[in-house]
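Q: Here it is: the structure, laid out below.
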Amino acid sequence: MVALVLRQIRRILLTVVVGGLLGATLVRLGPGFGVDERELDTRLSADSIQAIRAQRAKDNNIGLFYVRYLAGFVHGDFGFSRSLNRPVAELLKERLPLTLESLGLGVIGGVSVGLALALLTVWWRAAGADFVPSLLSGLCLAMPAAVIALLFLWMGPWIGAATRWAIAVVVFPHVYRYAKNQLIATSQAPHVLAAQAKGLSPARVLWAHVFTPAAPQLAALAGISVSLAFGASIPIEVICGSPGVGQLAWRAAMDRDLPLLVTITVFVALMTLVVNSLADIALAAWKPAEEQAAA
Amino acid sequence: MSFQQKIALAVLAVIAAAALGAGWITPHSYAEQSREFISAPPSKDFWLGTDDLGRDRLARLLYGTRVSLLLAPAAALLSTVIAALIGGAAGYLGGRAERMVTTGIDLFLSLPWLFLLLAVRALLPLNTSPVMSVTITFLLLGCLGWAAPARIIRAGTMTLVNSDFLVQARAGGVSRGRLFWRHLLPNLRPIFLAQFWISIPLFILSEANLGLLGLGVSEPLPSWGALLRDLENYSAVLQNPWMLAPAVLLVAVVGCVQLLLGTEQSAGDRAVC
């Protein structure tokens, strides 16, 4: 367990370093880097322009630039947004709660519906029992997140918070398909047949002998769902007009505000990684000791 | 092949044929503007009506389908080749190289796909020509979509490298080159093909998302993503339900491809947004 936690911490640190370096490279190679519009001010003397250039020269040293970028990132200084003229940390602090709320509720909704339908499908083993859920999940998988957001936006007056609903619909088909496959595989195990032969009720077999043994694998879905939901948050927040981090990323892309966009990307990657790591650690803690030893 | 899969194949064939034969189906070009038919309803001349610039919606839909159906497989091919080179080399070489590549893949996968796509797309000029924008969009999709298939190809290669028949071939003195070309590569082909097919709907959906966000293919060239932007006008869609045609076609194509792939190996198993 300790080794696993250390491995996850190493992974997160590596992501900070590599993601930070990649981010700094993108910012540095991006158009507009090193250009200062103050130089166009005709009131400035040659000496003043020279002073501005000297002040900027320290950014041109790529090694120093990387070190300063990473140090700033670690200390919570995520740079300055050119387009919004505000510190990136301030923008993130302002918009993150709304995104996290939509994501949290959307993921909980999507996972709950997906799991419930998967359980129903496995419990009700009649031919064609999974027709409607499979059709629904197939339909949701075939639609871009932006179109799903549009559908919920249209329904907005009746259902409220379109962002949460749209995220739930993006997450649900992935959860349903994975959970259904896992539960079907577990339901065909010999111990389930033995429990059925002993005359246990179908509900008890499903809960105690199918769902509980498959639960650790299903818990891994949390990490995947968060990653999916973050990705979907951009088109969904843009279409629904929700002022969250996804919409901020889109505005940064449209305004070509690379420092802001790259910082958001690295920040979201870190959050996804932390959730994935927590899911992995929870999975390891959940597994029986003998299974871990066998692994 | 099941009955459902045969139907899916037939639907895809009809759509592909209609896209390729767009010039025969409609006499109008996707960019031709008829100023006297602005936002016209469906008629004999314009089967799906016209948009707010007087352009034939059907022509734009068919040419947009052609763009998506030709370029998504091209991007899928590019990403599969990159994945095969990186994942295959890692699995074949093993040891430190494999561990380094796996770490790289994990890091790449932890970056949310659409955020990464936006970041790189924003780095490139936004005011490019339509042809250049279509090339950039699908090249980016191809270049950034390699990580998930590379992981699967690496695992497949490692399983094959340690399989009995390859161990036997190595013990029999078969050279590394022959081992790779005659024994490893032909057995990896099904994995490459599966990854190629799985990537197609993923890229179609990603292009649609980018297009709807205004970061995809530039006007006047049509693509599904760009055509879906019309749906943002809710009242217009209510009055002109035929405006839903691009969304219906997109869902039909992606759904049919997923049916062909089977439920076990659908694009849904990879992060599609």
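Labels for the structure tokens follow display order: chains A, B, ..., residues from 1 in each chain, ligands from 1.
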Identify all chain B residues at most 6 Å from chain A by counting only C-alpha atoms; ligands do not count. Present them as a VMD selection string.
A: chain B and resid 110 to 112 114 to 115 122 to 123 205 209 251 254 to 255 268 273
Q: For region 147-158 of chain B, list every protein, DNA or RNA residue within 6 Å, evaluated using only C-alpha atoms, and leave out those in the same chain fewer than 6 positions away; present the list as a list in words.
A: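 So, after excluding close chain neighbours, the residues are Ala83, Gly87, Gly88, Gly91, Ile105 and Gln195 of chain B.
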Q: So that I can check the surroundings of Val88 (chain A), please list as a ChimeraX atom specification every protein, DNA and RNA residue that reaches within 7 Å of it, counting only C-alpha atoms and ignoring chain neighbours fewer than 5 positions away.
A: /A:78-81,260
Q: Export C-alpha atoms of the chosen residues as an mmCIF file, in the first residue's frame?
A:
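Ended up saving to out_23.cif:
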```cif
data_model
loop_
_atom_site.group_PDB
_atom_site.id
_atom_site.type_symbol
_atom_site.label_atom_id
_atom_site.label_comp_id
_atom_site.auth_asym_id
_atom_site.auth_seq_id
_atom_site.Cartn_x
_atom_site.Cartn_y
_atom_site.Cartn_z
ATOM 1 C CA PHE A 78 -0.114 30.489 -12.468
ATOM 2 C CA GLY A 79 0.807 33.564 -14.492
ATOM 3 C CA PHE A 80 -1.213 36.418 -15.913
ATOM 4 C CA SER A 81 -4.028 36.293 -18.439
ATOM 5 C CA LEU A 260 -4.142 31.020 -19.426
#
```
Q: Determine, counting only C-alpha atoms, which protein, DNA and RNA residues have an atom within 12 Å of an atom of region 198-203 of chain A; residues of the same chain fewer than 6 positions away are not included. Present the result as a list in words.
A: Leu119, Leu120, Val122, Trp123, Trp124, Arg125, Ser187, His191, Val192, His209, Val210 and Phe211 of chain A
Q: For the residues selected in the previous step, produce a file with C-alpha atoms as a tab-separated table (two decimals), in the first residue's frame.
A:
```tsv
chain	number	residue	atom	x	y	z
A	119	LEU	CA	-27.78	-3.87	-12.26
A	120	LEU	CA	-31.31	-4.00	-13.67
A	122	VAL	CA	-28.12	-8.22	-15.07
A	123	TRP	CA	-30.99	-8.89	-12.65
A	124	TRP	CA	-33.67	-9.08	-15.32
A	125	ARG	CA	-32.05	-11.65	-17.58
A	187	SER	CA	-22.53	-13.29	-12.58
A	191	HIS	CA	-19.68	-19.07	-6.77
A	192	VAL	CA	-22.76	-17.32	-8.20
A	209	HIS	CA	-22.42	-12.33	-4.85
A	210	VAL	CA	-22.36	-10.24	-8.03
A	211	PHE	CA	-22.25	-6.55	-7.11
```
Q: Counting only C-alpha atoms, which residue out of A:Met155, A:Glu237, A:Trp207, A:Ala89 sits closest to Tyr234 (chain B)?
A: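 Of A:Met155, A:Glu237, A:Trp207, A:Ala89, the one nearest Tyr234 (chain B), counting only C-alpha atoms, is A:Met155.
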Q: Just the residues within 10 Å of Leu53 (chain B), please, counting only C-alpha atoms, with nothing from its chain fewer than 3 positions along; format it as a list in words.
A: Ala31, Glu32, Gln33, Ser34, Arg35, Glu36, Phe37, Ile38, Ser39, Thr50 and Asp56 of chain B
Q: Go through region 124-256 of chain B and collect every residue that DSSP, computed from the backbone, puts in alpha helix (DSSP H); the answer should be as a VMD selection string.
A: chain B and resid 130 to 144 147 to 161 164 to 171 176 to 178 185 to 212 224 to 228 234 to 239 245 to 256
Q: Kindly export the residues of the current selection with C-alpha atoms, as a tab-separated table (two decimals), in the first residue's frame.
A:
```tsv
chain	number	residue	atom	x	y	z
B	130	PRO	CA	-10.44	26.74	-45.29
B	131	VAL	CA	-8.31	23.96	-46.80
B	132	MET	CA	-5.49	24.68	-44.37
B	133	SER	CA	-7.93	24.70	-41.43
B	134	VAL	CA	-9.30	21.31	-42.39
B	135	THR	CA	-5.78	19.93	-42.73
B	136	ILE	CA	-4.70	21.41	-39.40
B	137	THR	CA	-7.80	20.12	-37.58
B	138	PHE	CA	-7.45	16.53	-38.73
B	139	LEU	CA	-3.64	16.50	-38.50
B	140	LEU	CA	-3.96	17.62	-34.88
B	141	LEU	CA	-6.52	14.92	-34.18
B	142	GLY	CA	-4.20	12.33	-35.70
B	143	CYS	CA	-1.09	13.58	-33.93
B	144	LEU	CA	-2.71	13.92	-30.49
B	147	ALA	CA	-1.71	7.60	-26.68
B	148	ALA	CA	-4.70	5.32	-26.01
B	149	PRO	CA	-4.03	3.03	-29.02
B	150	ALA	CA	-0.29	3.01	-28.20
B	151	ARG	CA	-1.09	1.60	-24.75
B	152	ILE	CA	-3.12	-1.25	-26.26
B	153	ILE	CA	-0.56	-1.95	-29.00
B	154	ARG	CA	2.25	-2.01	-26.40
B	155	ALA	CA	0.33	-4.56	-24.32
B	156	GLY	CA	-0.45	-6.66	-27.42
B	157	THR	CA	3.19	-6.58	-28.55
B	158	MET	CA	4.44	-7.59	-25.11
B	159	THR	CA	2.03	-10.55	-25.01
B	160	LEU	CA	3.18	-11.66	-28.46
B	161	VAL	CA	6.90	-11.19	-27.73
B	164	ASP	CA	5.47	-19.65	-27.14
B	165	PHE	CA	5.75	-19.47	-30.92
B	166	LEU	CA	8.00	-16.40	-30.82
B	167	VAL	CA	10.18	-17.89	-28.08
B	168	GLN	CA	10.47	-21.01	-30.23
B	169	ALA	CA	11.33	-18.95	-33.31
B	170	ARG	CA	14.01	-17.07	-31.35
B	171	ALA	CA	15.41	-20.34	-30.02
B	176	ARG	CA	15.44	-10.13	-35.24
B	177	GLY	CA	14.36	-8.56	-38.53
B	178	ARG	CA	12.64	-11.72	-39.76
B	185	LEU	CA	3.80	-7.71	-37.45
B	186	PRO	CA	1.23	-10.01	-39.11
B	187	ASN	CA	-0.06	-11.02	-35.67
B	188	LEU	CA	-0.37	-7.40	-34.57
B	189	ARG	CA	-2.43	-6.47	-37.62
B	190	PRO	CA	-5.83	-7.21	-35.97
B	191	ILE	CA	-4.93	-4.87	-33.08
B	192	PHE	CA	-3.88	-2.11	-35.51
B	193	LEU	CA	-7.10	-2.53	-37.47
B	194	ALA	CA	-9.26	-2.47	-34.33
B	195	GLN	CA	-7.55	0.71	-33.10
B	196	PHE	CA	-7.93	2.32	-36.51
B	197	TRP	CA	-11.68	1.64	-36.61
B	198	ILE	CA	-12.22	2.70	-32.99
B	199	SER	CA	-10.48	6.02	-33.66
B	200	ILE	CA	-12.77	7.01	-36.55
B	201	PRO	CA	-15.93	7.84	-34.52
B	202	LEU	CA	-13.73	9.43	-31.85
B	203	PHE	CA	-12.28	11.85	-34.40
B	204	ILE	CA	-15.65	12.53	-36.03
B	205	LEU	CA	-17.08	13.51	-32.63
B	206	SER	CA	-14.02	15.58	-31.71
B	207	GLU	CA	-14.23	17.50	-34.99
B	208	ALA	CA	-17.93	18.11	-34.34
B	209	ASN	CA	-17.15	19.50	-30.88
B	210	LEU	CA	-14.32	21.68	-32.19
B	211	GLY	CA	-16.51	22.91	-35.05
B	212	LEU	CA	-19.34	23.81	-32.71
B	224	TRP	CA	-20.40	18.42	-39.56
B	225	GLY	CA	-19.09	20.52	-36.68
B	226	ALA	CA	-19.56	23.78	-38.59
B	227	LEU	CA	-23.05	22.73	-39.76
B	228	LEU	CA	-24.11	21.92	-36.19
B	234	TYR	CA	-33.33	27.23	-31.01
B	235	SER	CA	-36.29	29.15	-32.43
B	236	ALA	CA	-35.03	28.68	-35.99
B	237	VAL	CA	-34.67	24.93	-35.40
B	238	LEU	CA	-38.23	24.74	-34.06
B	239	GLN	CA	-39.56	26.47	-37.16
B	245	ALA	CA	-30.31	16.87	-40.58
B	246	PRO	CA	-26.54	17.24	-39.81
B	247	ALA	CA	-27.09	16.06	-36.21
B	248	VAL	CA	-29.21	13.10	-37.37
B	249	LEU	CA	-26.61	12.13	-39.98
B	250	LEU	CA	-23.75	12.44	-37.48
B	251	VAL	CA	-25.51	10.26	-34.92
B	252	ALA	CA	-26.42	7.74	-37.63
B	253	VAL	CA	-22.83	7.45	-38.90
B	254	VAL	CA	-21.20	7.23	-35.45
B	255	GLY	CA	-23.91	4.82	-34.26
B	256	CYS	CA	-23.44	2.60	-37.33
```
Q: So how many Å separate CA of Ala189 (chain A) and CA of Ala126 (chain A), to one decimal?
A: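 Atom-to-atom, CA of Ala189 (chain A) and CA of Ala126 (chain A) are spaced 19.0 Å apart.
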Q: Write out as a list in words which residues come within 8 Å of Leu58 (chain B) when counting only C-alpha atoms, dropping same-chain ones fewer than 4 positions away.
A: Thr26, Phe46, Trp47, Leu48, Gly49 and Leu62 of chain B
Q: Keeping C-alpha atoms, export the residues of the selection given above as a PDB file, in the first residue's frame.
A:
```pdb
ATOM      1  CA  THR B  26     -27.532  18.450 -55.991  1.00  0.00           C
ATOM      2  CA  PHE B  46     -33.289  23.008 -52.448  1.00  0.00           C
ATOM      3  CA  TRP B  47     -34.383  19.753 -50.819  1.00  0.00           C
ATOM      4  CA  LEU B  48     -33.248  20.825 -47.337  1.00  0.00           C
ATOM      5  CA  GLY B  49     -33.799  24.535 -47.850  1.00  0.00           C
ATOM      6  CA  LEU B  62     -23.195  16.205 -48.422  1.00  0.00           C
TER       7      LEU B  62
END
```
